[in-house]
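Q: Handing over protein30.txt, compact mmCIF, C-alpha atoms.
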```txt
# COMPACT_ATOMS: atom_id res chain seq x y z
CA MET A 1 17.68 -2.07 17.19
CA THR A 2 20.03 -0.09 14.98
CA ILE A 3 18.84 2.48 12.43
CA LEU A 4 19.72 0.07 9.62
CA HIS A 5 17.62 -2.59 11.32
CA TYR A 6 14.63 -0.21 11.58
CA ILE A 7 14.96 0.77 7.92
CA PHE A 8 15.21 -2.82 6.71
CA PHE A 9 12.31 -3.92 8.90
CA ALA A 10 10.11 -1.04 7.69
CA VAL A 11 10.74 -1.91 4.04
CA TRP A 12 10.39 -5.66 4.54
CA PHE A 13 7.35 -5.67 6.80
CA PHE A 14 5.28 -3.19 4.78
CA LEU A 15 6.25 -4.54 1.34
CA PRO A 16 2.87 -6.30 0.80
CA ALA A 17 0.99 -3.01 1.37
CA GLY A 18 3.44 -1.02 -0.73
CA ILE A 19 3.14 -3.45 -3.64
CA ALA A 20 -0.67 -3.53 -3.26
CA ASN A 21 -0.67 0.26 -3.53
CA MET A 22 1.31 0.16 -6.81
CA VAL A 23 -0.30 -2.82 -8.53
CA PRO A 24 -3.53 -1.04 -9.59
CA ILE A 25 -1.50 1.35 -11.78
CA PHE A 26 0.11 -1.58 -13.58
CA SER A 27 -3.02 -3.75 -13.76
CA ALA A 28 -4.78 -0.94 -15.62
CA HIS A 29 -2.29 -1.48 -18.47
CA ILE A 30 -2.81 -5.24 -18.80
CA PRO A 31 -5.01 -5.80 -21.88
CA LYS A 32 -7.23 -8.54 -20.40
CA LEU A 33 -7.81 -6.54 -17.21
CA ARG A 34 -8.50 -3.15 -18.84
CA ASP A 35 -12.17 -3.99 -19.32
CA TRP A 36 -12.61 -4.83 -15.64
CA ASN A 37 -12.70 -1.13 -14.86
CA PHE A 38 -15.71 -0.95 -12.56
CA PRO A 39 -15.53 1.89 -9.99
CA MET A 40 -15.57 0.91 -6.32
CA ASP A 41 -18.14 3.61 -5.59
CA PHE A 42 -20.47 2.20 -8.29
CA GLY A 43 -20.72 5.74 -9.73
CA LYS A 44 -22.52 7.04 -6.63
CA THR A 45 -22.17 10.57 -5.34
CA PHE A 46 -22.13 12.30 -1.96
CA ARG A 47 -23.12 15.96 -1.77
CA GLY A 48 -23.13 16.07 -5.56
CA LYS A 49 -19.58 14.75 -5.94
CA ARG A 50 -18.32 11.26 -6.74
CA ILE A 51 -17.49 9.26 -3.63
CA PHE A 52 -14.12 7.96 -4.85
CA GLY A 53 -14.07 8.60 -8.59
CA ASP A 54 -13.27 6.47 -11.61
CA HIS A 55 -9.64 5.78 -10.63
CA LYS A 56 -10.59 3.58 -7.66
CA THR A 57 -11.71 0.36 -9.32
CA LEU A 58 -12.61 -3.17 -8.31
CA ARG A 59 -9.83 -4.32 -10.68
CA GLY A 60 -7.32 -2.35 -8.61
CA LEU A 61 -8.70 -3.64 -5.32
CA VAL A 62 -8.69 -7.30 -6.39
CA SER A 63 -5.27 -7.11 -8.05
CA GLY A 64 -3.88 -5.40 -4.94
CA ILE A 65 -5.27 -8.10 -2.65
CA ILE A 66 -3.80 -10.85 -4.82
CA ALA A 67 -0.41 -9.12 -5.02
CA ALA A 68 -0.18 -8.41 -1.26
CA THR A 69 -1.14 -11.97 -0.38
CA LEU A 70 1.41 -13.37 -2.84
CA ILE A 71 4.18 -11.09 -1.55
CA LEU A 72 3.44 -12.01 2.08
CA TRP A 73 3.49 -15.71 1.19
CA LEU A 74 6.88 -15.29 -0.55
CA GLN A 75 8.17 -13.37 2.47
CA GLN A 76 7.11 -16.19 4.76
CA ILE A 77 8.97 -18.73 2.61
CA ALA A 78 12.05 -16.49 2.55
CA VAL A 79 12.02 -16.02 6.34
CA GLN A 80 11.60 -19.76 6.94
CA ASN A 81 14.61 -20.51 4.73
CA SER A 82 16.98 -17.75 5.80
CA PRO A 83 18.51 -17.51 9.27
CA TRP A 84 19.57 -13.94 8.45
CA LEU A 85 15.97 -12.92 7.65
CA GLN A 86 14.73 -14.73 10.74
CA GLU A 87 17.06 -12.59 12.84
CA TRP A 88 16.23 -9.29 11.10
CA THR A 89 12.47 -9.88 11.21
CA SER A 90 12.31 -11.52 14.64
CA GLN A 91 9.82 -8.89 15.93
CA VAL A 92 7.16 -10.53 13.78
CA ASN A 93 6.32 -14.23 13.80
CA TYR A 94 6.03 -14.89 10.06
CA GLU A 95 5.66 -18.62 10.69
CA GLN A 96 2.35 -18.25 12.53
CA MET A 97 1.00 -15.32 10.50
CA ASN A 98 -2.11 -16.27 8.53
CA THR A 99 -1.27 -15.31 4.95
CA PHE A 100 -4.90 -15.31 3.83
CA ILE A 101 -5.93 -12.87 6.53
CA VAL A 102 -2.94 -10.55 6.93
CA GLY A 103 -2.11 -10.38 3.19
CA PRO A 104 -5.56 -9.11 2.20
CA LEU A 105 -5.57 -6.81 5.24
CA PHE A 106 -2.36 -5.15 4.03
CA ALA A 107 -4.01 -4.54 0.65
CA LEU A 108 -7.41 -3.51 2.00
CA GLY A 109 -5.82 -1.11 4.45
CA ALA A 110 -3.57 0.45 1.84
CA LEU A 111 -6.17 0.67 -0.92
CA LEU A 112 -9.09 1.71 1.28
CA GLY A 113 -6.84 4.28 2.94
CA ASP A 114 -6.19 5.63 -0.54
CA ALA A 115 -9.93 5.54 -1.32
CA VAL A 116 -10.79 7.49 1.84
CA GLU A 117 -8.22 10.11 0.86
CA SER A 118 -9.82 10.25 -2.62
CA PHE A 119 -13.19 10.83 -0.98
CA PHE A 120 -11.84 13.88 0.82
CA LYS A 121 -10.08 15.10 -2.33
CA ARG A 122 -13.39 14.97 -4.21
CA GLN A 123 -15.19 16.77 -1.38
CA VAL A 124 -12.72 19.68 -1.31
CA GLY A 125 -12.74 19.94 -5.12
CA ILE A 126 -9.36 18.44 -6.06
CA LYS A 127 -9.54 16.79 -9.47
CA PRO A 128 -8.66 13.10 -9.96
CA GLY A 129 -4.97 12.76 -10.71
CA ASP A 130 -4.07 16.06 -9.04
CA GLY A 131 -1.73 15.80 -6.10
CA TRP A 132 -2.64 16.50 -2.49
CA PHE A 133 0.66 16.53 -0.65
CA PRO A 134 1.32 14.92 1.87
CA PHE A 135 -1.96 12.99 2.02
CA ASP A 136 -1.36 11.18 -1.29
CA GLN A 137 1.88 9.83 0.17
CA THR A 138 0.58 8.77 3.59
CA ASP A 139 -2.96 7.45 3.05
CA TYR A 140 -1.94 3.90 2.18
CA ILE A 141 0.65 3.78 4.97
CA ILE A 142 -1.82 4.76 7.66
CA GLY A 143 -4.52 2.48 6.22
CA GLY A 144 -2.20 -0.53 5.98
CA ALA A 145 -0.83 0.00 9.49
CA ILE A 146 -4.31 0.32 11.01
CA ALA A 147 -5.68 -2.70 9.13
CA THR A 148 -2.89 -5.03 10.28
CA TRP A 149 -2.38 -3.63 13.79
CA ALA A 150 -4.67 -6.15 15.53
CA PHE A 151 -2.79 -9.10 13.97
CA VAL A 152 0.74 -7.68 13.96
CA PRO A 153 1.18 -4.81 16.44
CA LEU A 154 4.48 -2.96 16.19
CA SER A 155 6.32 -0.56 18.48
CA PHE A 156 5.97 3.20 18.14
CA MET A 157 9.48 3.42 16.63
CA GLN A 158 8.67 0.73 14.08
CA TYR A 159 5.54 2.60 12.98
CA LEU A 160 7.49 5.87 12.84
CA TRP A 161 10.18 4.34 10.62
CA LEU A 162 7.50 2.68 8.52
CA VAL A 163 5.90 6.08 7.79
CA VAL A 164 9.22 7.83 7.09
CA ILE A 165 10.63 5.12 4.80
CA TRP A 166 7.45 4.45 2.83
CA PHE A 167 6.73 8.16 2.47
CA GLY A 168 10.12 8.51 0.76
CA LEU A 169 9.66 5.36 -1.29
CA HIS A 170 6.29 6.65 -2.48
CA LEU A 171 7.86 9.89 -3.70
CA ILE A 172 10.59 7.97 -5.55
CA SER A 173 8.20 5.41 -7.11
CA SER A 174 5.76 8.16 -8.15
CA TYR A 175 8.54 9.96 -9.96
CA ILE A 176 9.66 6.74 -11.67
CA GLY A 177 6.03 6.10 -12.70
CA TYR A 178 5.96 9.59 -14.18
CA LEU A 179 9.19 8.97 -16.11
CA LEU A 180 7.75 5.69 -17.43
CA LYS A 181 4.61 7.57 -18.51
CA LEU A 182 2.41 5.53 -16.14
CA LYS A 183 1.45 8.72 -14.30
CA ASP A 184 0.60 12.18 -15.63
CA LYS A 185 2.34 14.08 -12.82
CA PRO A 186 5.55 13.38 -10.88
CA ILE A 187 3.99 13.65 -7.41
```
Spit out the file's structure as structure tokens when you get a sec.

A:
Amino acid sequence: MTILHYIFFAVWFFLPAGIANMVPIFSAHIPKLRDWNFPMDFGKTFRGKRIFGDHKTLRGLVSGIIAATLILWLQQIAVQNSPWLQEWTSQVNYEQMNTFIVGPLFALGALLGDAVESFFKRQVGIKPGDGWFPFDQTDYIIGGAIATWAFVPLSFMQYLWLVVIWFGLHLISSYIGYLLKLKDKPI
């Protein structure tokens, strides 16, 4: 595989998890969904500190699962109808991939990876919304890769490119979110 092939594959393959990681920010701004702001930790604490905090909501989890599943389904249709995509994604059998298992796994891995990182942020005293570089940029990548590994195992190089590319994309999208006033801080 060429470097370009690794880069394309990393972006394409992990797109459902990347989108699932971004969707909660946008779903919080949709009027009908704003009220569905129930925290995933049900307000519980561990050692006197919130488990995940108010920013990890069931609304974000559900909207992420729906988005990841939809994106994977669209990818499957695109691969089936494009010989070029079939060639560039041949390491993964999109035709036999179960959308309703792997799609939610991408989202659950990404969003629960982010929630686990939030747990540790709370435990070490980092306020919600404050950055924790590089963990804020890698939590969803590691979570999504682990969650889907049993169904779609990749090579070491594919995982390495996945981390490098999505780490960079996270930095860029966080900065864009900051410019659009969707986030309080650029990173």

Q: Might you pull out every residue within 12 Å of region 123-132 of chain A, with all atoms listed in the file counted and same-chain residues fewer than 6 positions away left off, and present them as number ranges by chain?

A: A: 25, 45-56, 114-117, 138-139, 171, 174, 178, 182-187

Q: Go through A:Gly64, A:Gly177, A:Gly113, A:Pro134 one by one, measure the shortest atom-to-atom distance of each to Val164 (chain A) using only C-alpha atoms, and give the residue with the smallest value.

A: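 Checking each of A:Gly64, A:Gly177, A:Gly113, A:Pro134 against Val164 (chain A), counting only C-alpha atoms, the winner is A:Pro134.
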
Q: Please, what distance in Å, to one decimal, runs between CA of Asp136 (chain A) and CA of Phe167 (chain A)?

A: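 Atom-to-atom, CA of Asp136 (chain A) to CA of Phe167 (chain A), that is 9.4 Å.
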
Q: Please determine, counting all atoms listed in the file, which residue among A:Ile3, A:Met40, A:Leu112, A:Leu70 has the shortest atom-to-atom distance to Tyr140 (chain A).

A: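 The shortest atom-to-atom distance to Tyr140 (chain A) comes from A:Leu112.
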
Q: When distances are computed from all atoms listed in the file, which of A:Val102, A:Ile30, A:Asp35, A:Gly18 shows the smallest separation from Pro153 (chain A)?

A: A:Val102

Q: Considering only C-alpha atoms, return as a list of chain:residue names whatever protein or nucleic-acid residues lie within 6 Å of Ala17 (chain A), sequence-local ones (same chain, fewer than 5 positions apart) excluded.

A: A:Phe106, A:Ala107, A:Ala110

Q: For a quick check of understanding, using all atoms listed in the file, which of A:Arg34, A:Phe14, A:Leu162, A:Thr89 has the smallest distance to Leu105 (chain A)?

A: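 Result for the nearest residue to Leu105 (chain A): A:Phe14.
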
Q: Provide the CA of Asn21 (chain A) to CA of Gly60 (chain A) distance in Å, to one decimal place.

A: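 Answer for the CA of Asn21 (chain A) to CA of Gly60 (chain A) separation: 8.8 Å.
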
Q: Could you jot down the CA of Leu85 (chain A) to CA of Ala147 (chain A) separation for me, Å, one decimal place?

A: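 Taking CA of Leu85 (chain A) as the start and CA of Ala147 (chain A) as the end point, the length is 24.0 Å.
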